[in-house]
Each structure stands twice: as structure tokens, then as C-alpha cells.
>>> print(open('start-v7.txt').read())   # compact mmCIF, C-alpha atoms
# COMPACT_ATOMS: atom_id res chain seq x y z
CA MET A 1 -30.90 -51.46 -20.94
CA SER A 2 -31.23 -49.86 -17.54
CA MET A 3 -30.28 -46.23 -16.92
CA ASN A 4 -29.53 -44.05 -13.95
CA LEU A 5 -32.34 -42.23 -12.17
CA LYS A 6 -31.61 -38.86 -13.73
CA GLY A 7 -31.66 -40.46 -17.13
CA PHE A 8 -35.03 -41.89 -16.23
CA LEU A 9 -36.12 -38.48 -14.97
CA VAL A 10 -35.47 -36.94 -18.36
CA LEU A 11 -37.41 -39.76 -19.96
CA VAL A 12 -40.47 -39.50 -17.77
CA LEU A 13 -40.92 -35.82 -18.49
CA THR A 14 -41.93 -36.88 -21.95
CA VAL A 15 -43.18 -40.47 -21.56
CA VAL A 16 -43.93 -41.13 -17.90
CA PRO A 17 -44.65 -44.63 -16.46
CA ALA A 18 -48.21 -44.64 -14.98
CA CYS A 19 -49.85 -45.29 -11.62
CA GLY A 20 -52.33 -47.49 -9.95
CA SER A 21 -52.97 -51.20 -9.57
CA SER A 22 -55.22 -53.71 -11.25
CA SER A 23 -58.07 -52.98 -8.82
CA PRO A 24 -57.04 -50.32 -6.28
CA ASN A 25 -59.15 -48.75 -3.57
CA SER A 26 -59.07 -45.02 -2.82
CA SER A 27 -58.49 -43.47 0.59
CA ASP A 28 -60.57 -40.76 2.23
CA GLY A 29 -57.53 -38.64 3.08
CA THR A 30 -57.28 -34.93 2.34
CA SER A 31 -54.38 -33.64 0.23
CA ILE A 32 -52.91 -30.18 0.70
CA GLU A 33 -50.03 -28.32 -0.91
CA LEU A 34 -47.34 -27.26 1.56
CA ALA A 35 -44.99 -25.47 -0.87
CA SER A 36 -44.39 -24.96 -4.57
CA GLY A 37 -41.19 -25.45 -6.55
CA SER A 38 -39.49 -28.31 -8.40
CA PRO A 39 -39.06 -30.80 -5.54
CA TYR A 40 -37.31 -34.15 -5.87
CA GLY A 41 -35.94 -35.76 -2.69
CA ILE A 42 -37.99 -35.37 0.50
CA ALA A 43 -37.53 -36.10 4.22
CA VAL A 44 -39.47 -35.36 7.40
CA ASP A 45 -38.88 -34.99 11.14
CA SER A 46 -41.20 -34.09 14.03
CA THR A 47 -41.60 -30.44 12.98
CA ASN A 48 -40.73 -29.91 9.32
CA VAL A 49 -40.65 -31.33 5.81
CA TYR A 50 -37.31 -30.95 3.99
CA TRP A 51 -36.73 -31.29 0.27
CA THR A 52 -34.36 -30.64 -2.58
CA ASN A 53 -35.53 -28.37 -5.38
CA MET A 54 -34.17 -29.44 -8.75
CA ALA A 55 -34.34 -25.79 -9.82
CA GLY A 56 -34.20 -22.90 -7.39
CA GLY A 57 -36.15 -20.43 -9.49
CA PRO A 58 -35.60 -18.92 -12.95
CA ALA A 59 -33.93 -21.00 -15.63
CA GLY A 60 -30.24 -21.45 -14.92
CA SER A 61 -30.48 -20.73 -11.19
CA LEU A 62 -29.01 -23.03 -8.55
CA ALA A 63 -31.03 -25.78 -6.92
CA THR A 64 -32.06 -25.29 -3.28
CA VAL A 65 -32.52 -27.21 -0.06
CA MET A 66 -35.80 -26.17 1.57
CA LYS A 67 -38.00 -26.76 4.61
CA VAL A 68 -41.58 -25.96 5.62
CA PRO A 69 -43.53 -26.67 8.84
CA LEU A 70 -45.59 -29.88 8.84
CA GLY A 71 -48.78 -27.87 9.14
CA GLY A 72 -47.83 -25.43 6.41
CA GLY A 73 -46.45 -21.89 6.44
CA PRO A 74 -43.62 -19.98 4.79
CA ALA A 75 -41.04 -22.18 3.07
CA ILE A 76 -37.44 -21.46 4.09
CA ALA A 77 -34.39 -21.89 1.85
CA LEU A 78 -31.61 -23.52 3.87
CA ALA A 79 -28.97 -23.68 1.13
CA SER A 80 -28.38 -23.44 -2.60
CA SER A 81 -26.21 -25.82 -4.58
CA GLU A 82 -25.64 -27.32 -7.99
CA GLY A 83 -28.07 -30.12 -8.74
CA ALA A 84 -29.41 -31.09 -5.30
CA TRP A 85 -30.87 -34.62 -5.36
CA GLY A 86 -31.07 -37.03 -2.43
CA ILE A 87 -31.84 -35.77 1.10
CA ALA A 88 -31.88 -37.16 4.66
CA VAL A 89 -32.28 -35.71 8.16
CA ASP A 90 -31.39 -36.67 11.71
CA ALA A 91 -31.95 -34.94 15.06
CA THR A 92 -29.54 -32.09 14.32
CA SER A 93 -28.79 -31.79 10.60
CA VAL A 94 -29.99 -32.12 7.03
CA TYR A 95 -27.82 -33.96 4.50
CA TRP A 96 -28.00 -33.90 0.71
CA THR A 97 -26.14 -34.86 -2.43
CA THR A 98 -25.27 -32.62 -5.37
CA GLY A 99 -24.87 -34.01 -8.85
CA GLY A 100 -23.57 -30.79 -10.33
CA ASN A 101 -20.29 -30.71 -8.41
CA GLY A 102 -20.33 -34.19 -6.86
CA THR A 103 -20.58 -33.56 -3.13
CA VAL A 104 -22.27 -34.79 0.04
CA MET A 105 -23.32 -31.82 2.17
CA LYS A 106 -24.48 -31.19 5.74
CA LEU A 107 -26.25 -28.24 7.36
CA PRO A 108 -27.91 -27.60 10.77
CA LEU A 109 -31.70 -28.00 10.69
CA ASP A 110 -32.11 -24.28 11.43
CA GLY A 111 -29.67 -23.23 8.72
CA GLY A 112 -26.12 -21.92 8.84
CA THR A 113 -22.92 -22.65 6.96
CA PRO A 114 -23.00 -25.85 4.87
CA VAL A 115 -20.27 -28.40 5.57
CA THR A 116 -18.85 -30.59 2.81
CA LEU A 117 -18.63 -34.20 3.99
CA ALA A 118 -17.34 -35.59 0.69
CA SER A 119 -16.33 -34.09 -2.66
CA GLY A 120 -14.93 -35.17 -6.01
CA LEU A 121 -17.78 -37.65 -6.48
CA ASN A 122 -19.35 -38.70 -9.77
CA ASP A 123 -23.11 -38.21 -9.56
CA PRO A 124 -24.04 -39.07 -5.96
CA GLU A 125 -27.80 -39.48 -5.57
CA ASP A 126 -29.87 -41.28 -2.90
CA ILE A 127 -28.51 -40.78 0.63
CA VAL A 128 -29.31 -42.19 4.10
CA VAL A 129 -27.75 -41.64 7.53
CA ASP A 130 -27.38 -43.46 10.83
CA ALA A 131 -25.88 -42.31 14.14
CA THR A 132 -22.32 -42.17 12.80
CA SER A 133 -22.19 -42.06 8.99
CA ALA A 134 -23.83 -40.95 5.76
CA TYR A 135 -24.25 -43.56 3.01
CA TRP A 136 -25.00 -42.90 -0.62
CA ILE A 137 -25.16 -44.28 -4.13
CA ASP A 138 -22.52 -42.90 -6.52
CA GLN A 139 -24.21 -43.62 -9.83
CA GLY A 140 -21.47 -42.24 -12.02
CA ASP A 141 -18.80 -44.50 -10.54
CA PHE A 142 -21.17 -47.42 -9.75
CA LYS A 143 -20.38 -47.47 -6.02
CA VAL A 144 -21.91 -47.56 -2.56
CA MET A 145 -19.98 -45.19 -0.27
CA LYS A 146 -20.01 -43.79 3.25
CA VAL A 147 -18.36 -41.01 5.27
CA PRO A 148 -18.48 -40.05 8.99
CA LEU A 149 -21.03 -37.38 9.94
CA GLY A 150 -18.46 -35.27 11.76
CA GLY A 151 -17.31 -33.39 8.68
CA GLY A 152 -13.64 -33.45 9.61
CA GLY A 153 -12.35 -33.94 6.10
CA ASP A 154 -12.50 -37.73 6.32
CA THR A 155 -11.91 -39.65 3.11
CA PRO A 156 -15.07 -41.50 2.00
CA THR A 157 -15.04 -45.28 2.23
CA THR A 158 -16.12 -47.36 -0.76
CA LEU A 159 -18.26 -50.23 0.52
CA ALA A 160 -19.03 -51.76 -2.88
CA SER A 161 -17.87 -51.00 -6.42
CA ASP A 162 -18.27 -52.15 -10.04
CA LEU A 163 -22.03 -52.29 -9.54
CA GLU A 164 -24.61 -52.61 -12.31
CA THR A 165 -26.54 -49.33 -12.14
CA PRO A 166 -27.01 -48.87 -8.37
CA ASN A 167 -30.22 -47.02 -7.47
CA GLY A 168 -31.84 -46.90 -4.02
CA ILE A 169 -30.12 -47.27 -0.64
CA ALA A 170 -31.22 -48.03 2.94
CA VAL A 171 -29.47 -48.73 6.24
CA ASP A 172 -30.21 -50.31 9.61
CA SER A 173 -28.06 -50.91 12.71
CA THR A 174 -25.93 -53.62 11.08
CA SER A 175 -26.17 -53.44 7.29
CA VAL A 176 -26.51 -51.23 4.24
CA TYR A 177 -28.90 -52.32 1.48
CA TRP A 178 -29.17 -51.21 -2.13
CA THR A 179 -30.67 -52.08 -5.49
CA ASN A 180 -28.77 -52.73 -8.70
CA GLY A 181 -30.91 -51.92 -11.72
CA GLY A 182 -28.94 -54.27 -13.95
CA TYR A 183 -28.22 -53.78 -17.63
CA THR A 184 -31.09 -55.86 -19.03
CA ASN A 185 -34.58 -56.87 -17.92
CA ALA A 186 -34.60 -59.46 -15.12
CA SER A 187 -30.92 -58.83 -14.29
CA GLY A 188 -31.46 -56.52 -11.31
CA THR A 189 -30.54 -57.44 -7.74
CA VAL A 190 -31.26 -56.45 -4.15
CA MET A 191 -28.06 -56.42 -2.09
CA LYS A 192 -26.88 -56.34 1.54
CA LEU A 193 -23.48 -55.56 3.07
CA PRO A 194 -22.22 -54.97 6.65
CA ILE A 195 -22.03 -51.24 7.43
CA ASP A 196 -18.30 -51.59 8.17
CA GLY A 197 -17.64 -53.39 4.90
CA GLY A 198 -17.27 -57.02 3.98
CA THR A 199 -18.83 -59.48 1.57
CA ALA A 200 -21.99 -58.42 -0.24
CA VAL A 201 -24.97 -60.80 -0.13
CA THR A 202 -27.63 -61.03 -2.83
CA LEU A 203 -31.08 -60.99 -1.20
CA ALA A 204 -33.02 -61.14 -4.47
CA ALA A 205 -31.97 -61.66 -8.10
CA GLY A 206 -33.76 -61.66 -11.43
CA GLN A 207 -35.51 -58.34 -10.77
CA ASN A 208 -36.90 -56.03 -13.46
CA ASN A 209 -35.14 -52.71 -12.87
CA PRO A 210 -35.29 -52.45 -9.05
CA CYS A 211 -35.30 -48.84 -7.92
CA ALA A 212 -36.18 -47.65 -4.40
CA ILE A 213 -35.49 -49.67 -1.24
CA ALA A 214 -36.56 -49.48 2.42
CA VAL A 215 -36.01 -51.64 5.49
CA ASP A 216 -37.63 -52.37 8.85
CA SER A 217 -36.77 -54.80 11.65
CA THR A 218 -37.75 -57.92 9.68
CA ASN A 219 -37.81 -57.25 5.93
CA VAL A 220 -36.34 -55.39 2.99
CA TYR A 221 -38.80 -53.74 0.59
CA TRP A 222 -38.20 -52.49 -2.93
CA THR A 223 -39.89 -51.27 -6.08
CA ASN A 224 -39.33 -52.72 -9.53
CA LEU A 225 -39.83 -50.13 -12.25
CA GLY A 226 -40.72 -52.98 -14.58
CA LEU A 227 -39.90 -53.97 -18.13
CA GLY A 228 -37.96 -51.47 -20.19
CA ASN A 229 -37.07 -49.49 -17.05
CA GLY A 230 -40.74 -48.74 -16.50
CA THR A 231 -41.63 -47.78 -20.06
CA THR A 232 -43.79 -50.91 -20.41
CA VAL A 233 -46.88 -49.67 -18.61
CA GLY A 234 -48.29 -51.71 -15.76
CA SER A 235 -45.23 -53.97 -15.36
CA GLY A 236 -43.99 -52.50 -12.06
CA THR A 237 -44.08 -54.34 -8.75
CA VAL A 238 -43.52 -53.79 -5.02
CA LEU A 239 -41.86 -56.66 -3.16
CA LYS A 240 -40.32 -57.71 0.14
CA VAL A 241 -37.88 -60.34 1.37
CA SER A 242 -36.57 -61.29 4.81
CA LEU A 243 -33.46 -59.48 6.03
CA ASP A 244 -31.67 -62.82 5.75
CA GLY A 245 -32.93 -63.48 2.23
CA GLY A 246 -35.25 -66.23 1.02
CA THR A 247 -38.30 -66.16 -1.24
CA ALA A 248 -39.38 -62.70 -2.33
CA VAL A 249 -43.06 -61.84 -1.75
CA THR A 250 -44.95 -59.60 -4.18
CA LEU A 251 -46.99 -57.00 -2.29
CA ALA A 252 -48.34 -55.15 -5.34
CA SER A 253 -48.26 -55.81 -9.07
CA ASP A 254 -49.56 -54.08 -12.22
CA GLN A 255 -47.96 -50.83 -11.09
CA TYR A 256 -46.98 -48.02 -13.46
CA GLY A 257 -43.47 -46.80 -12.73
CA PRO A 258 -43.20 -47.29 -8.94
CA ARG A 259 -40.33 -45.08 -7.80
CA HIS A 260 -39.46 -43.93 -4.28
CA MET A 261 -40.85 -45.66 -1.19
CA ALA A 262 -41.20 -45.56 2.60
CA VAL A 263 -42.42 -47.96 5.30
CA ASP A 264 -43.93 -47.65 8.76
CA SER A 265 -45.21 -50.23 11.27
CA THR A 266 -48.26 -51.17 9.19
CA SER A 267 -47.81 -50.30 5.51
CA VAL A 268 -45.53 -49.79 2.52
CA TYR A 269 -45.91 -46.49 0.63
CA TRP A 270 -44.62 -45.56 -2.82
CA THR A 271 -44.99 -43.09 -5.64
CA ASN A 272 -46.18 -44.18 -9.08
CA SER A 273 -44.85 -41.99 -11.86
CA GLY A 274 -47.75 -42.12 -14.29
CA ASP A 275 -47.35 -42.92 -17.98
CA GLY A 276 -48.40 -39.57 -19.45
CA PHE A 277 -51.66 -40.95 -20.83
CA ALA A 278 -55.23 -40.88 -19.61
CA ASN A 279 -54.87 -44.33 -18.00
CA GLY A 280 -51.77 -43.33 -16.10
CA ASP A 281 -52.29 -40.64 -13.48
CA ALA A 282 -49.32 -40.19 -11.15
CA ALA A 283 -50.23 -41.44 -7.67
CA VAL A 284 -49.23 -42.06 -4.08
CA MET A 285 -49.97 -45.64 -3.07
CA LYS A 286 -49.94 -47.88 -0.01
CA VAL A 287 -50.38 -51.57 0.77
CA PRO A 288 -50.28 -53.46 4.11
CA LEU A 289 -46.90 -54.95 5.06
CA GLY A 290 -48.41 -58.39 4.66
CA GLY A 291 -49.88 -57.62 1.24
CA GLY A 292 -53.42 -56.94 0.03
CA THR A 293 -55.19 -54.56 -2.30
CA PRO A 294 -53.17 -51.39 -2.97
CA ILE A 295 -54.86 -48.13 -1.99
CA ILE A 296 -54.55 -44.84 -3.85
CA LEU A 297 -53.87 -42.14 -1.24
CA ALA A 298 -53.65 -39.31 -3.76
CA SER A 299 -53.33 -38.89 -7.51
CA THR A 300 -52.31 -36.15 -9.91
CA LEU A 301 -54.55 -36.31 -12.94
CA TYR A 302 -53.12 -36.39 -16.42
CA SER A 303 -54.26 -33.64 -18.76
CA ALA A 304 -53.44 -32.44 -22.25
CA LEU A 305 -51.11 -29.84 -20.68
CA GLY A 306 -48.50 -32.49 -20.08
CA PRO A 307 -47.32 -35.44 -17.93
CA ARG A 308 -47.52 -35.53 -14.15
CA GLU A 309 -44.85 -37.11 -11.96
CA SER A 310 -44.47 -38.15 -8.32
CA TYR A 311 -40.92 -38.40 -6.93
CA GLY A 312 -39.77 -38.62 -3.29
CA ILE A 313 -41.96 -39.81 -0.42
CA ALA A 314 -41.78 -39.72 3.39
CA VAL A 315 -44.15 -40.67 6.23
CA ASP A 316 -44.68 -39.78 9.87
CA ALA A 317 -47.25 -40.94 12.43
CA THR A 318 -50.22 -39.29 10.72
CA SER A 319 -49.41 -38.26 7.16
CA VAL A 320 -47.67 -39.02 3.89
CA TYR A 321 -45.55 -36.34 2.19
CA TRP A 322 -44.40 -36.44 -1.40
CA SER A 323 -42.90 -34.31 -4.13
CA ARG A 324 -45.01 -33.74 -7.24
CA ASP A 325 -44.02 -32.35 -10.61
CA ILE A 326 -46.18 -31.15 -13.51
CA GLN A 327 -44.56 -30.82 -16.91
CA GLN A 328 -46.39 -28.33 -19.13
CA GLY A 329 -44.56 -27.96 -22.40
CA THR A 330 -41.07 -26.71 -21.58
CA VAL A 331 -42.06 -25.52 -18.08
CA ALA A 332 -41.98 -27.80 -15.03
CA THR A 333 -43.87 -26.75 -11.92
CA GLY A 334 -44.33 -28.81 -8.82
CA ALA A 335 -45.25 -28.90 -5.16
CA VAL A 336 -44.54 -30.54 -1.83
CA MET A 337 -47.75 -32.34 -0.93
CA LYS A 338 -49.28 -33.87 2.21
CA VAL A 339 -52.17 -36.27 2.67
CA THR A 340 -53.84 -36.94 6.04
CA PRO A 341 -54.79 -39.47 7.32
CA LYS A 342 -52.40 -41.91 5.73
>>> encode(input="start-v7.txt", output="C-alpha cells")
Amino acid sequence: MSMNLKGFLVLVLTVVPACGSSSPNSSDGTSIELASGSPYGIAVDSTNVYWTNMAGGPAGSLATVMKVPLGGGPAIALASSEGAWGIAVDATSVYWTTGGNGTVMKLPLDGGTPVTLASGLNDPEDIVVDATSAYWIDQGDFKVMKVPLGGGGDTPTTLASDLETPNGIAVDSTSVYWTNGGYTNASGTVMKLPIDGGTAVTLAAGQNNPCAIAVDSTNVYWTNLGLGNGTTVGSGTVLKVSLDGGTAVTLASDQYGPRHMAVDSTSVYWTNSGDGFANGDAAVMKVPLGGGTPIILASTLYSALGPRESYGIAVDATSVYWSRDIQQGTVATGAVMKVTPK
């Protein structure tokens, strides 16, 4: 049976789905640590990396929304909140979801007073924005929702409801896209709906626990965690399908817990969780848009200290950024990482 992402998060801190491909290449990029913490969601603009910290510091403290310059430097806390998860940015603001009190929040990129765009939600997670609205997955109520960016107390609009474990979300100029994990293996779907509402279209069915999703001008891309919600090692895949649907194309197979993803004009990028064993280092991967041999951009080696995990991912013109976690006994430590060139 599929589970929501936070349920999977708890699982992978003890038995984590692994990374890699059947015969991957390795890149010659250099990885650096930009900031430490317990990062989860991550986003990037032309000057900074932004992320949500699952824990803001000592045990029991609030989560935080953070930023750091692309080239490194002091990390700045923009806000604290209960259970910060998904994050997105535009030219003026940073947006995030909170699972603890069920809100969608907004804050100027340079900091200030947070604005609540939506409240009373039941476990909102992944979030994306366009020029007018914020869109998110409400995992607790099995919905896709949106609200205007203006923050004028508008009531959120439900675009789709009664979904089977919605996970990732993406948006373009006409449509919103999401994945339904399904309740059993091979029951997941990739969906599309007009941004103003209407009839949902199934772009791909029969998927094994689809998770993250991304879109460009021609295709929709997604990750399948694989059999048993990723607990069957090496059963994950990365796929694409035309925006209008059709036959899905497998870009990478034999993956170990592929989670979040991003695309640019040449490649698809994703994080592999790692299975917590010596054959399952967590990793950051890429493959050409047209398919080919997956390349390992960076990996976090497994050790006897505990599992490693890679969560959110973002790209810009030169680099890949991702959030990394290291579970050592009862203590989780992590970092915001960067690898250049991508």
C-alpha cells in the first residue's frame, strides 16, 4: 500500500531505498556544502538557494525557512514555522507549506512579515507557483488546491479531490500536473488538469508509486519509487510522456528510491534515496531528456553510522543543488549541497 511522503520519510530513516543505475557513469563535478541543517524542500533563483529545515535547531524547536548565496556565505533564517515542507520562489517572494498547522505561507525574498495565503489545511506538502497563483498537494485531504498570490484572504480553490495518495505537483501556462501514488503497486497515475479547473486527464496509468513530477514545453517527467513504495531495491524508474499523453518512455530504470526531480533544456535530474546498505549510497543523478546512461553527479556514501538520504533538488544554468540528510542513530544532520558543473 502506498503512503504519503512524510510516512515514507519516517521509513527511509531506518530502511532507505538506494541509488544508482544498472551501469551509471560518474561526473567530474565538484560538490560543496553551502549550509548545514535538516533541509527538505529546496528552490533556487539567480542569487540564492532557499530551503525548508525540518528542524530549526535543538529537539522540539520550530522548523525554519532559510536562504544562502549561490556561492556560499552566511545562511539567513527568513522565517520559523511548524513543520515546513514544500518550497517555491518567484521574482519577489518565497512560498512554503507547513504540515504542523496546515498553512501556505508567503514572505519577501529579503525577509519581513510572513503572509498566510491559506490555512486550515490537512498536511499540505509540495508547492509550485505561476504568475498568479500557488498550487499545492493536500495529502491529508487527498486534494490538489490553489490560491491567488495576493494574500488577500482568498478562499483556496479545490481543483481535484478524492485522489489516491497525491504526491508531486507541477504547473505550466495552461495546466497543473500531479502524481497519484495509488493504493497498490501498478495503480499509480500521472494526471493533468486546466489551471482554472475542469476535467482531469490521465497521462499515464499503471505506475509503481509515482512520486515527483516536472514539466517542460513538450513533456511531463516523473519518478516512480518502485515496488513496495521504493522498499524493493532497484525497482525505481524515471519516465516521460508527451503533454498530450501517449506512450510513456522510460529514461532510467534500476533506480533505488528516486524522489524529487528537476529538468532543464538538456537533462532530467533526480535524487536517489539510498537503501541504507553498502550497495545503496544516496545520490544525485541525471540523464539526457532523450534518454541514455544515467550519470551520478554526487553521492553520499553509506556507512555503519546510519542511512544517508537525498531529498529536494533544484538546478540553474551551471549547478545542481540538493538537500542531504545523514541519520546517525537518533540524530539527523544534513546539508544543502551544490555540484558544479552539472
>>> residues_around(input="start-v7.txt", residues="range 99-113 of chain A", least_positions_apart="6", cutoff="10 Å", atoms="only C-alpha atoms", output="ChimeraX atom specification")
/A:6,48,50,62-63,65-67,76-79,81-93,119-125,127,134-136,138-140,146-147,149-151
>>> closest_residue(input="start-v7.txt", among="A:Ile313, A:Val220, A:Ala298, A:Ser323", to="Ser31 in chain A", atoms="all atoms listed in the file")
A:Ala298
>>> residues_around(input="start-v7.txt", residues="range 185-195 of chain A", least_positions_apart="3", cutoff="9 Å", atoms="only C-alpha atoms", output="PyMOL selection string")
chain A and resi 1-2+146+159-160+164-165+171-182+198-210+213+220+222+224+226-229+243
>>> residues_near_point(input="start-v7.txt", point="(-46.0, -31.4, 1.2)", cutoff="9 Å", atoms="only C-alpha atoms", output="ChimeraX atom specification")
/A:31-36,42,49,68,70,72,320-324,335-339
>>> atom_distance(input="start-v7.txt", atom1="CA of Leu163 in chain A", atom2="CA of Tyr183 in chain A")
10.3 Å
>>> residues_around(input="start-v7.txt", residues="Thr340 in chain A", least_positions_apart="6", cutoff="6 Å", atoms="all atoms listed in the file", output="PyMOL selection string")
chain A and resi 29-30+319
>>> atom_distance(input="start-v7.txt", atom1="CA of Gly73 in chain A", atom2="CA of Thr47 in chain A")
11.8 Å
>>> residues_around(input="start-v7.txt", residues="Asn53 in chain A", least_positions_apart="2", cutoff="7 Å", atoms="only C-alpha atoms", output="NGL selection string")
:A and (37-40 or 51 or 55-56 or 63-65 or 84)
>>> write_last_selection(input="start-v7.txt", atoms="C-alpha atoms", output="PDB file, in the frame of the given file")
ATOM      1  CA  GLY A  37     -41.190 -25.450  -6.550  1.00  0.00           C
ATOM      2  CA  SER A  38     -39.490 -28.310  -8.400  1.00  0.00           C
ATOM      3  CA  PRO A  39     -39.060 -30.800  -5.540  1.00  0.00           C
ATOM      4  CA  TYR A  40     -37.310 -34.150  -5.870  1.00  0.00           C
ATOM      5  CA  TRP A  51     -36.730 -31.290   0.270  1.00  0.00           C
ATOM      6  CA  ALA A  55     -34.340 -25.790  -9.820  1.00  0.00           C
ATOM      7  CA  GLY A  56     -34.200 -22.900  -7.390  1.00  0.00           C
ATOM      8  CA  ALA A  63     -31.030 -25.780  -6.920  1.00  0.00           C
ATOM      9  CA  THR A  64     -32.060 -25.290  -3.280  1.00  0.00           C
ATOM     10  CA  VAL A  65     -32.520 -27.210  -0.060  1.00  0.00           C
ATOM     11  CA  ALA A  84     -29.410 -31.090  -5.300  1.00  0.00           C
TER      12      ALA A  84
END
>>> atom_distance(input="start-v7.txt", atom1="CA of Asn219 in chain A", atom2="CA of Thr98 in chain A")
29.9 Å
>>> closest_residue(input="start-v7.txt", among="A:Ser235, A:Thr318, A:Thr223, A:Thr250", to="Thr293 in chain A", atoms="only C-alpha atoms")
A:Thr250
>>> residues_around(input="start-v7.txt", residues="Ala317 in chain A", least_positions_apart="6", cutoff="12 Å", atoms="all atoms listed in the file", output="list in words")
Val44, Asp45, Ser46, Thr47, Leu70, Val263, Asp264, Ser265, Thr266, Ser267, Val339, Thr340, Pro341 and Lys342 of chain A
>>> closest_residue(input="start-v7.txt", among="A:Ile169, A:Phe142, A:Gly234, A:Val94", to="Val128 in chain A", atoms="all atoms listed in the file")
A:Ile169
>>> build_atoms(input="start-v7.txt", residues="range 129-144 of chain A", atoms="N, CA and C atoms", output="mmCIF file, in the frame of the given file")
data_model
loop_
_atom_site.group_PDB
_atom_site.id
_atom_site.type_symbol
_atom_site.label_atom_id
_atom_site.label_comp_id
_atom_site.auth_asym_id
_atom_site.auth_seq_id
_atom_site.Cartn_x
_atom_site.Cartn_y
_atom_site.Cartn_z
ATOM 1 N N VAL A 129 -28.696 -41.837 6.424
ATOM 2 C CA VAL A 129 -27.750 -41.640 7.530
ATOM 3 C C VAL A 129 -28.138 -42.528 8.694
ATOM 4 N N ASP A 130 -27.138 -42.854 9.525
ATOM 5 C CA ASP A 130 -27.380 -43.460 10.830
ATOM 6 C C ASP A 130 -26.703 -42.599 11.882
ATOM 7 N N ALA A 131 -26.425 -43.131 13.050
ATOM 8 C CA ALA A 131 -25.880 -42.310 14.140
ATOM 9 C C ALA A 131 -24.462 -41.843 13.884
ATOM 10 N N THR A 132 -23.733 -42.505 12.972
ATOM 11 C CA THR A 132 -22.320 -42.170 12.800
ATOM 12 C C THR A 132 -21.928 -41.765 11.382
ATOM 13 N N SER A 133 -22.667 -42.214 10.369
ATOM 14 C CA SER A 133 -22.190 -42.060 8.990
ATOM 15 C C SER A 133 -23.324 -41.695 8.036
ATOM 16 N N ALA A 134 -22.933 -41.136 6.902
ATOM 17 C CA ALA A 134 -23.830 -40.950 5.760
ATOM 18 C C ALA A 134 -23.438 -41.968 4.693
ATOM 19 N N TYR A 135 -24.447 -42.540 4.048
ATOM 20 C CA TYR A 135 -24.250 -43.560 3.010
ATOM 21 C C TYR A 135 -24.958 -43.093 1.751
ATOM 22 N N TRP A 136 -24.365 -43.351 0.605
ATOM 23 C CA TRP A 136 -25.000 -42.900 -0.620
ATOM 24 C C TRP A 136 -24.631 -43.787 -1.798
ATOM 25 N N ILE A 137 -25.428 -43.650 -2.845
ATOM 26 C CA ILE A 137 -25.160 -44.280 -4.130
ATOM 27 C C ILE A 137 -24.390 -43.294 -4.995
ATOM 28 N N ASP A 138 -23.247 -43.697 -5.527
ATOM 29 C CA ASP A 138 -22.520 -42.900 -6.520
ATOM 30 C C ASP A 138 -22.789 -43.543 -7.874
ATOM 31 N N GLN A 139 -23.776 -42.974 -8.591
ATOM 32 C CA GLN A 139 -24.210 -43.620 -9.830
ATOM 33 C C GLN A 139 -23.187 -43.502 -10.943
ATOM 34 N N GLY A 140 -22.443 -42.409 -10.953
ATOM 35 C CA GLY A 140 -21.470 -42.240 -12.020
ATOM 36 C C GLY A 140 -20.307 -43.196 -11.951
ATOM 37 N N ASP A 141 -19.907 -43.560 -10.720
ATOM 38 C CA ASP A 141 -18.800 -44.500 -10.540
ATOM 39 C C ASP A 141 -19.262 -45.876 -10.092
ATOM 40 N N PHE A 142 -20.594 -46.096 -10.037
ATOM 41 C CA PHE A 142 -21.170 -47.420 -9.750
ATOM 42 C C PHE A 142 -20.706 -47.950 -8.403
ATOM 43 N N LYS A 143 -20.858 -47.112 -7.353
ATOM 44 C CA LYS A 143 -20.380 -47.470 -6.020
ATOM 45 C C LYS A 143 -21.447 -47.228 -4.958
ATOM 46 N N VAL A 144 -21.262 -47.902 -3.824
ATOM 47 C CA VAL A 144 -21.910 -47.560 -2.560
ATOM 48 C C VAL A 144 -20.818 -47.036 -1.643
#
